[in-house]
>>> print(open('upload26.cif').read())   # mmCIF, N, CA and C atoms
data_work
#
loop_
_atom_site.label_atom_id
_atom_site.label_comp_id
_atom_site.auth_asym_id
_atom_site.auth_seq_id
_atom_site.Cartn_x
_atom_site.Cartn_y
_atom_site.Cartn_z
N MET A 16 111.06 108.96 109.88
CA MET A 16 109.86 108.69 109.13
C MET A 16 108.67 108.93 110.07
N ASN A 17 107.79 109.84 109.67
CA ASN A 17 106.70 110.21 110.57
C ASN A 17 105.36 109.59 110.22
N LYS A 18 105.31 108.78 109.17
CA LYS A 18 104.07 108.08 108.83
C LYS A 18 104.32 106.58 108.84
N LYS A 19 103.24 105.86 108.75
CA LYS A 19 103.32 104.41 108.64
C LYS A 19 103.70 104.03 107.22
N VAL A 20 104.47 102.97 107.10
CA VAL A 20 104.78 102.40 105.81
C VAL A 20 103.61 101.52 105.40
N GLY A 21 103.17 101.61 104.16
CA GLY A 21 102.10 100.77 103.66
C GLY A 21 102.67 99.53 103.00
N LEU A 22 102.07 98.39 103.27
CA LEU A 22 102.54 97.12 102.71
C LEU A 22 101.43 96.45 101.91
N ALA A 23 101.84 95.79 100.82
CA ALA A 23 100.89 95.01 100.03
C ALA A 23 101.65 93.89 99.33
N SER A 24 100.98 92.76 99.18
CA SER A 24 101.57 91.65 98.43
C SER A 24 100.45 90.75 97.94
N ASP A 25 100.82 89.88 97.02
CA ASP A 25 99.94 88.77 96.67
C ASP A 25 100.50 87.53 97.36
N HIS A 26 99.96 86.37 97.01
CA HIS A 26 100.40 85.12 97.64
C HIS A 26 101.89 84.85 97.39
N ALA A 27 102.39 85.20 96.20
CA ALA A 27 103.80 84.94 95.88
C ALA A 27 104.74 85.86 96.65
N GLY A 28 104.23 86.98 97.11
CA GLY A 28 105.04 87.91 97.88
C GLY A 28 104.81 87.85 99.37
N PHE A 29 103.88 87.00 99.79
CA PHE A 29 103.48 86.96 101.20
C PHE A 29 104.65 86.65 102.13
N GLU A 30 105.43 85.64 101.83
CA GLU A 30 106.53 85.24 102.72
C GLU A 30 107.54 86.38 102.87
N LEU A 31 107.90 87.03 101.79
CA LEU A 31 108.84 88.15 101.88
C LEU A 31 108.22 89.32 102.63
N LYS A 32 106.92 89.53 102.45
CA LYS A 32 106.26 90.62 103.19
C LYS A 32 106.33 90.35 104.70
N GLN A 33 106.23 89.09 105.09
CA GLN A 33 106.35 88.77 106.52
C GLN A 33 107.75 89.15 107.03
N TYR A 34 108.76 88.95 106.20
CA TYR A 34 110.12 89.37 106.57
C TYR A 34 110.19 90.89 106.64
N VAL A 35 109.56 91.58 105.70
CA VAL A 35 109.55 93.04 105.70
C VAL A 35 108.94 93.57 107.00
N LYS A 36 107.86 92.95 107.45
CA LYS A 36 107.25 93.35 108.73
C LYS A 36 108.25 93.24 109.87
N LYS A 37 108.97 92.12 109.91
CA LYS A 37 109.98 91.92 110.96
C LYS A 37 111.06 93.00 110.87
N TYR A 38 111.52 93.30 109.68
CA TYR A 38 112.51 94.34 109.44
C TYR A 38 112.01 95.69 109.99
N LEU A 39 110.77 96.05 109.66
CA LEU A 39 110.21 97.31 110.13
C LEU A 39 110.05 97.32 111.65
N GLU A 40 109.55 96.24 112.21
CA GLU A 40 109.37 96.16 113.66
C GLU A 40 110.69 96.31 114.39
N GLU A 41 111.75 95.69 113.89
CA GLU A 41 113.08 95.80 114.51
C GLU A 41 113.59 97.23 114.51
N ARG A 42 113.14 98.03 113.58
CA ARG A 42 113.58 99.43 113.46
C ARG A 42 112.57 100.40 114.08
N GLY A 43 111.50 99.87 114.65
CA GLY A 43 110.49 100.73 115.27
C GLY A 43 109.69 101.53 114.26
N ILE A 44 109.56 101.01 113.05
CA ILE A 44 108.82 101.70 112.00
C ILE A 44 107.41 101.11 111.92
N PRO A 45 106.38 101.92 112.16
CA PRO A 45 105.01 101.39 112.09
C PRO A 45 104.61 101.13 110.64
N TYR A 46 103.62 100.26 110.46
CA TYR A 46 103.16 99.93 109.12
C TYR A 46 101.68 99.58 109.14
N ASN A 47 101.06 99.70 107.98
CA ASN A 47 99.71 99.19 107.72
C ASN A 47 99.86 98.11 106.66
N ASP A 48 99.28 96.97 106.91
CA ASP A 48 99.32 95.86 105.96
C ASP A 48 97.98 95.80 105.23
N TYR A 49 98.02 96.07 103.93
CA TYR A 49 96.81 96.07 103.11
C TYR A 49 96.52 94.71 102.49
N GLY A 50 97.24 93.69 102.91
CA GLY A 50 96.98 92.34 102.41
C GLY A 50 97.97 91.94 101.35
N THR A 51 97.92 90.74 101.00
CA THR A 51 97.12 89.63 101.40
C THR A 51 97.63 89.11 102.75
N TYR A 52 96.86 88.23 103.34
CA TYR A 52 97.18 87.78 104.69
C TYR A 52 97.49 86.29 104.77
N SER A 53 97.75 85.66 103.62
CA SER A 53 98.11 84.25 103.59
C SER A 53 98.76 83.92 102.25
N GLU A 54 99.19 82.69 102.10
CA GLU A 54 99.78 82.24 100.84
C GLU A 54 98.73 81.64 99.89
N GLU A 55 97.46 81.80 100.24
CA GLU A 55 96.38 81.32 99.37
C GLU A 55 96.33 82.17 98.10
N SER A 56 96.18 81.54 96.97
CA SER A 56 96.18 82.24 95.69
C SER A 56 95.19 83.41 95.69
N CYS A 57 95.65 84.55 95.17
CA CYS A 57 94.83 85.76 95.16
C CYS A 57 95.26 86.64 94.00
N ASP A 58 94.61 87.79 93.85
CA ASP A 58 94.87 88.70 92.75
C ASP A 58 95.58 89.95 93.25
N TYR A 59 96.82 90.17 92.78
CA TYR A 59 97.62 91.30 93.24
C TYR A 59 96.96 92.67 93.07
N PRO A 60 96.12 92.91 92.03
CA PRO A 60 95.53 94.25 91.91
C PRO A 60 94.70 94.66 93.13
N ASP A 61 94.02 93.70 93.76
CA ASP A 61 93.19 94.04 94.92
C ASP A 61 94.01 94.72 96.00
N PHE A 62 95.21 94.25 96.23
CA PHE A 62 96.05 94.76 97.31
C PHE A 62 96.86 95.97 96.86
N ALA A 63 97.23 96.00 95.59
CA ALA A 63 97.94 97.16 95.04
C ALA A 63 97.05 98.40 95.10
N HIS A 64 95.80 98.26 94.68
CA HIS A 64 94.88 99.40 94.72
C HIS A 64 94.65 99.88 96.16
N ALA A 65 94.53 98.96 97.09
CA ALA A 65 94.34 99.35 98.50
C ALA A 65 95.54 100.14 99.01
N LEU A 66 96.75 99.68 98.70
CA LEU A 66 97.95 100.41 99.11
C LEU A 66 97.99 101.79 98.44
N ALA A 67 97.73 101.84 97.15
CA ALA A 67 97.76 103.13 96.45
C ALA A 67 96.78 104.12 97.07
N ARG A 68 95.57 103.66 97.39
CA ARG A 68 94.59 104.54 98.04
C ARG A 68 95.10 105.00 99.40
N GLY A 69 95.76 104.12 100.13
CA GLY A 69 96.32 104.51 101.43
C GLY A 69 97.34 105.63 101.30
N ILE A 70 98.15 105.58 100.26
CA ILE A 70 99.13 106.65 100.02
C ILE A 70 98.41 107.92 99.57
N GLU A 71 97.49 107.78 98.63
CA GLU A 71 96.76 108.94 98.10
C GLU A 71 95.98 109.66 99.20
N GLU A 72 95.46 108.91 100.15
CA GLU A 72 94.65 109.50 101.23
C GLU A 72 95.49 109.93 102.43
N GLY A 73 96.81 109.75 102.35
CA GLY A 73 97.70 110.20 103.41
C GLY A 73 97.76 109.29 104.62
N GLU A 74 97.25 108.08 104.52
CA GLU A 74 97.29 107.13 105.64
C GLU A 74 98.70 106.59 105.85
N VAL A 75 99.42 106.37 104.75
CA VAL A 75 100.76 105.76 104.80
C VAL A 75 101.68 106.47 103.82
N PHE A 76 102.97 106.37 104.09
CA PHE A 76 104.00 106.87 103.18
C PHE A 76 105.36 106.46 103.72
N PRO A 77 106.17 105.84 102.93
CA PRO A 77 105.97 105.32 101.58
C PRO A 77 105.32 103.95 101.63
N GLY A 78 105.35 103.25 100.49
CA GLY A 78 104.81 101.90 100.42
C GLY A 78 105.87 100.90 100.00
N ILE A 79 105.62 99.64 100.36
CA ILE A 79 106.43 98.51 99.89
C ILE A 79 105.44 97.48 99.37
N ALA A 80 105.67 97.03 98.13
CA ALA A 80 104.77 96.07 97.51
C ALA A 80 105.59 94.92 96.94
N ILE A 81 105.01 93.72 97.00
CA ILE A 81 105.73 92.52 96.57
C ILE A 81 104.77 91.57 95.87
N CYS A 82 105.18 91.09 94.71
CA CYS A 82 104.51 89.95 94.07
C CYS A 82 105.61 89.06 93.53
N GLY A 83 105.27 88.02 92.82
CA GLY A 83 106.28 87.06 92.36
C GLY A 83 107.42 87.71 91.61
N SER A 84 107.09 88.41 90.53
CA SER A 84 108.12 89.08 89.73
C SER A 84 108.26 90.55 90.11
N GLY A 85 107.28 91.09 90.79
CA GLY A 85 107.23 92.51 91.10
C GLY A 85 106.56 93.31 90.00
N GLU A 86 106.51 92.77 88.82
CA GLU A 86 106.00 93.51 87.66
C GLU A 86 104.50 93.79 87.73
N GLY A 87 103.69 92.78 88.02
CA GLY A 87 102.25 92.97 88.02
C GLY A 87 101.79 93.98 89.04
N ILE A 88 102.32 93.88 90.25
CA ILE A 88 101.90 94.81 91.30
C ILE A 88 102.40 96.22 90.99
N ALA A 89 103.59 96.34 90.38
CA ALA A 89 104.10 97.65 89.98
C ALA A 89 103.23 98.27 88.90
N MET A 90 102.85 97.48 87.91
CA MET A 90 101.99 97.99 86.83
C MET A 90 100.68 98.52 87.40
N THR A 91 100.10 97.78 88.33
CA THR A 91 98.83 98.19 88.92
C THR A 91 99.00 99.47 89.74
N LEU A 92 100.01 99.51 90.58
CA LEU A 92 100.24 100.70 91.40
C LEU A 92 100.42 101.94 90.53
N ASN A 93 101.15 101.79 89.44
CA ASN A 93 101.46 102.95 88.60
C ASN A 93 100.28 103.43 87.76
N LYS A 94 99.15 102.75 87.83
CA LYS A 94 97.93 103.27 87.20
C LYS A 94 97.37 104.45 87.99
N HIS A 95 97.77 104.59 89.24
CA HIS A 95 97.33 105.69 90.09
C HIS A 95 98.23 106.90 89.84
N GLN A 96 97.61 108.04 89.60
CA GLN A 96 98.35 109.25 89.22
C GLN A 96 99.38 109.70 90.26
N GLN A 97 99.13 109.49 91.53
CA GLN A 97 100.05 109.97 92.56
C GLN A 97 101.11 108.95 92.95
N ILE A 98 101.09 107.80 92.32
CA ILE A 98 102.02 106.74 92.70
C ILE A 98 103.17 106.67 91.71
N ARG A 99 104.36 106.54 92.27
CA ARG A 99 105.57 106.28 91.50
C ARG A 99 106.21 105.03 92.11
N ALA A 100 105.79 103.88 91.60
CA ALA A 100 106.28 102.60 92.11
C ALA A 100 107.46 102.15 91.25
N GLY A 101 108.56 101.82 91.93
CA GLY A 101 109.75 101.37 91.23
C GLY A 101 110.16 99.98 91.66
N LEU A 102 110.46 99.13 90.71
CA LEU A 102 110.87 97.75 90.97
C LEU A 102 112.37 97.70 91.20
N ALA A 103 112.77 97.16 92.34
CA ALA A 103 114.20 97.05 92.67
C ALA A 103 114.53 95.62 93.08
N TRP A 104 115.57 95.07 92.50
CA TRP A 104 116.03 93.72 92.82
C TRP A 104 117.46 93.73 93.34
N ILE A 105 118.10 94.91 93.30
CA ILE A 105 119.42 95.12 93.90
C ILE A 105 119.41 96.50 94.55
N PRO A 106 120.26 96.73 95.55
CA PRO A 106 120.26 98.03 96.24
C PRO A 106 120.51 99.23 95.33
N GLU A 107 121.33 99.05 94.32
CA GLU A 107 121.64 100.17 93.43
C GLU A 107 120.39 100.69 92.71
N ILE A 108 119.49 99.79 92.35
CA ILE A 108 118.24 100.22 91.71
C ILE A 108 117.37 100.95 92.73
N ALA A 109 117.31 100.47 93.96
CA ALA A 109 116.55 101.15 95.01
C ALA A 109 117.06 102.58 95.21
N HIS A 110 118.37 102.73 95.16
CA HIS A 110 118.98 104.06 95.30
C HIS A 110 118.49 104.98 94.17
N LEU A 111 118.55 104.49 92.95
CA LEU A 111 118.20 105.32 91.80
C LEU A 111 116.71 105.65 91.72
N ILE A 112 115.84 104.70 92.10
CA ILE A 112 114.41 105.02 92.03
C ILE A 112 114.03 106.09 93.05
N ARG A 113 114.77 106.19 94.13
CA ARG A 113 114.56 107.28 95.09
C ARG A 113 115.25 108.55 94.62
N GLN A 114 116.52 108.46 94.29
CA GLN A 114 117.32 109.63 93.96
C GLN A 114 116.83 110.35 92.70
N HIS A 115 116.51 109.61 91.67
CA HIS A 115 116.15 110.21 90.39
C HIS A 115 114.66 110.27 90.13
N ASN A 116 113.88 109.32 90.67
CA ASN A 116 112.46 109.21 90.32
C ASN A 116 111.52 109.54 91.47
N ASP A 117 112.06 109.81 92.65
CA ASP A 117 111.25 110.11 93.83
C ASP A 117 110.17 109.05 94.04
N ALA A 118 110.56 107.78 93.89
CA ALA A 118 109.61 106.67 94.06
C ALA A 118 108.99 106.73 95.45
N ASN A 119 107.67 106.56 95.49
CA ASN A 119 106.99 106.52 96.78
C ASN A 119 106.50 105.11 97.12
N VAL A 120 106.77 104.15 96.24
CA VAL A 120 106.54 102.74 96.55
C VAL A 120 107.74 101.94 96.04
N LEU A 121 108.31 101.17 96.94
CA LEU A 121 109.36 100.22 96.60
C LEU A 121 108.69 98.89 96.27
N VAL A 122 108.97 98.37 95.09
CA VAL A 122 108.42 97.07 94.69
C VAL A 122 109.58 96.08 94.62
N MET A 123 109.35 94.90 95.20
CA MET A 123 110.38 93.86 95.17
C MET A 123 109.81 92.57 94.59
N PRO A 124 110.65 91.80 93.89
CA PRO A 124 110.21 90.52 93.29
C PRO A 124 110.37 89.37 94.27
N GLY A 125 109.30 88.98 94.91
CA GLY A 125 109.35 87.98 95.98
C GLY A 125 109.96 86.65 95.61
N ARG A 126 109.85 86.25 94.37
CA ARG A 126 110.38 84.94 93.96
C ARG A 126 111.84 84.99 93.52
N PHE A 127 112.44 86.18 93.53
CA PHE A 127 113.78 86.31 92.96
C PHE A 127 114.83 86.92 93.87
N ILE A 128 114.45 87.31 95.09
CA ILE A 128 115.45 87.85 96.02
C ILE A 128 115.32 87.17 97.38
N ASP A 129 116.43 87.11 98.09
CA ASP A 129 116.42 86.53 99.44
C ASP A 129 116.27 87.64 100.48
N HIS A 130 116.18 87.25 101.74
CA HIS A 130 115.97 88.21 102.81
C HIS A 130 117.12 89.20 102.94
N ASP A 131 118.34 88.74 102.81
CA ASP A 131 119.49 89.64 102.92
C ASP A 131 119.45 90.71 101.84
N THR A 132 119.13 90.30 100.63
CA THR A 132 119.04 91.27 99.54
C THR A 132 117.89 92.24 99.78
N ALA A 133 116.75 91.74 100.24
CA ALA A 133 115.61 92.60 100.53
C ALA A 133 115.98 93.63 101.59
N ARG A 134 116.70 93.20 102.62
CA ARG A 134 117.14 94.13 103.68
C ARG A 134 118.03 95.22 103.10
N GLU A 135 118.98 94.85 102.27
CA GLU A 135 119.87 95.83 101.65
C GLU A 135 119.10 96.80 100.76
N ILE A 136 118.13 96.27 100.03
CA ILE A 136 117.30 97.12 99.17
C ILE A 136 116.51 98.12 100.01
N MET A 137 115.88 97.65 101.09
CA MET A 137 115.09 98.54 101.94
C MET A 137 115.98 99.57 102.63
N ASP A 138 117.14 99.14 103.11
CA ASP A 138 118.08 100.09 103.72
C ASP A 138 118.39 101.23 102.75
N GLU A 139 118.67 100.87 101.52
CA GLU A 139 119.03 101.87 100.50
C GLU A 139 117.83 102.77 100.17
N PHE A 140 116.68 102.16 100.00
CA PHE A 140 115.47 102.93 99.68
C PHE A 140 115.18 103.96 100.76
N PHE A 141 115.20 103.55 102.02
CA PHE A 141 114.88 104.46 103.12
C PHE A 141 115.95 105.52 103.34
N ALA A 142 117.20 105.21 103.01
CA ALA A 142 118.31 106.14 103.27
C ALA A 142 118.52 107.17 102.17
N THR A 143 117.92 106.96 101.01
CA THR A 143 118.22 107.81 99.85
C THR A 143 117.17 108.89 99.67
N PRO A 144 117.60 110.15 99.70
CA PRO A 144 116.65 111.24 99.43
C PRO A 144 116.49 111.48 97.93
N PHE A 145 115.41 112.13 97.57
CA PHE A 145 115.20 112.57 96.19
C PHE A 145 116.17 113.72 95.92
N GLU A 146 116.86 113.64 94.83
CA GLU A 146 117.87 114.64 94.48
C GLU A 146 117.26 115.95 93.98
N GLY A 147 116.08 115.89 93.39
CA GLY A 147 115.46 117.10 92.85
C GLY A 147 116.25 117.61 91.65
N GLY A 148 116.42 118.91 91.57
CA GLY A 148 117.18 119.50 90.48
C GLY A 148 116.61 119.11 89.12
N ARG A 149 117.48 118.63 88.25
CA ARG A 149 117.06 118.28 86.89
C ARG A 149 116.03 117.16 86.88
N HIS A 150 115.98 116.38 87.95
CA HIS A 150 115.02 115.27 88.02
C HIS A 150 113.61 115.76 88.36
N GLN A 151 113.50 116.90 89.02
CA GLN A 151 112.19 117.40 89.45
C GLN A 151 111.26 117.60 88.26
N LYS A 152 111.73 118.25 87.22
CA LYS A 152 110.84 118.51 86.07
C LYS A 152 110.43 117.21 85.40
N ARG A 153 111.28 116.21 85.42
CA ARG A 153 110.93 114.92 84.82
C ARG A 153 109.84 114.24 85.62
N VAL A 154 109.99 114.26 86.94
CA VAL A 154 108.97 113.65 87.81
C VAL A 154 107.64 114.37 87.63
N GLU A 155 107.67 115.68 87.47
CA GLU A 155 106.44 116.45 87.28
C GLU A 155 105.75 116.10 85.97
N LYS A 156 106.47 115.56 85.00
CA LYS A 156 105.88 115.19 83.72
C LYS A 156 105.28 113.79 83.72
N ILE A 157 105.44 113.04 84.80
CA ILE A 157 104.93 111.66 84.83
C ILE A 157 103.41 111.58 84.80
N PRO A 158 102.68 112.32 85.64
CA PRO A 158 101.22 112.20 85.59
C PRO A 158 100.65 112.65 84.25
N VAL A 159 99.58 112.01 83.83
CA VAL A 159 98.91 112.38 82.59
C VAL A 159 98.09 113.64 82.85
N HIS A 160 98.33 114.65 82.05
CA HIS A 160 97.57 115.90 82.16
C HIS A 160 96.79 116.06 80.87
N GLU A 161 95.49 115.89 80.94
CA GLU A 161 94.66 115.99 79.72
C GLU A 161 93.88 117.26 79.68
#
>>> encode(input="upload26.cif", output="structure tokens")
Amino acid sequence: MNKKVGLASDHAGFELKQYVKKYLEERGIPYNDYGTYSEESCDYPDFAHALARGIEEGEVFPGIAICGSGEGIAMTLNKHQQIRAGLAWIPEIAHLIRQHNDANVLVMPGRFIDHDTAREIMDEFFATPFEGGRHQKRVEKIPVHE
């Protein structure tokens, strides 16, 4: 991996994001943390948009985002045309969002998975290449072209 991984969370995902940082540091993977920086209540869109801009501007790739359910931060990230954020709560889903959807942001539900599961999900996400082929044309149809 030749770029920094971008990180974002809200207060409900903060604790798991701290674990993600440790995971990345142990593997020598650099990262940029776009917030939040505490467990104080906050709004996930603020940090999702910052991460999305970081990916769009080439500062980071890929991204990892976490909120309580994972849904809100994923919805926000996916408003950006260049973002393909996929929610994974088991390693098999992480595999498929990379293999079939070329996800560039892994989203995890901070209130519903433990550290061991998060580690397995990240291992799978980072190890799985995009398959291309029949999936390429589908991924190309995701952005809105008006």
>>> residues_around(input="upload26.cif", residues="His110 of chain A", least_positions_apart="6", cutoff="12 Å", atoms="only C-alpha atoms", output="MDAnalysis selection string")
chainID A and resid 101:104 116:118 121 135:146
>>> atom_distance(input="upload26.cif", atom1="atom N of Gly43 of chain A", atom2="atom N of Pro60 of chain A")
28.2 Å
>>> closest_residue(input="upload26.cif", among="A:Lys18, A:His150, A:Lys94, A:His130", to="Pro77 of chain A", atoms="only N, CA and C atoms")
A:Lys18
>>> closest_residue(input="upload26.cif", among="A:Leu111, A:Cys57, A:Val120, A:Ile157", to="Glu71 of chain A", atoms="only C-alpha atoms")
A:Val120
>>> resolve_selection(input="upload26.cif", expression="the PyMOL selection byres ((chain A and resi 49) around 6)", output="list of chain:residue names")
A:Gly21, A:Leu22, A:Ala23, A:Ser24, A:Asn47, A:Asp48, A:Gly50, A:Thr51, A:Phe62, A:Ala65, A:Leu66
>>> atom_distance(input="upload26.cif", atom1="atom CA of Pro45 of chain A", atom2="atom CA of Val20 of chain A")
6.4 Å
>>> closest_residue(input="upload26.cif", among="A:Ile105, A:Arg99, A:Gly78, A:Ser53", to="Ile128 of chain A", atoms="only C-alpha atoms")
A:Ile105
>>> select_by_dssp(input="upload26.cif", residues="segment 68-161 of chain A", states="strand (DSSP E or B)", output="ChimeraX atom specification")
/A:75-82,100-102,120-124
>>> atom_distance(input="upload26.cif", atom1="atom C of Lys19 of chain A", atom2="atom N of Glu155 of chain A")
23.3 Å
>>> resolve_selection(input="upload26.cif", expression="the PyMOL selection byres (((chain A and resi 96 and name CA) around 12) and name CA)", output="PyMOL selection string")
chain A and resi 64+67-68+70-71+91-95+97-100+119+154-160
>>> select_by_dssp(input="upload26.cif", residues="segment 43-158 of chain A", states="alpha helix (DSSP H)", output="PyMOL selection string")
chain A and resi 59-71+86-92+106-114+130-142+149-155
>>> closest_residue(input="upload26.cif", among="A:Ile88, A:Val75, A:Ala80, A:Ala27", to="Ser56 of chain A", atoms="all atoms listed in the file")
A:Ala27
>>> resolve_selection(input="upload26.cif", expression="the PyMOL selection byres (((chain A and resi 29 and name CA) around 8) and name CA)", output="list in words")
Ser24, Asp25, His26, Ala27, Gly28, Glu30, Leu31, Lys32, Gln33, Thr51, Tyr52, Ser53, Glu54, Ile81, Cys82 and Gly125 of chain A
>>> closest_residue(input="upload26.cif", among="A:Phe127, A:Tyr59, A:Tyr38, A:Tyr46", to="Ser84 of chain A", atoms="only N, CA and C atoms")
A:Phe127
>>> closest_residue(input="upload26.cif", among="A:Glu74, A:Asp58, A:Arg153, A:Gly83", to="Arg126 of chain A", atoms="all atoms listed in the file")
A:Gly83
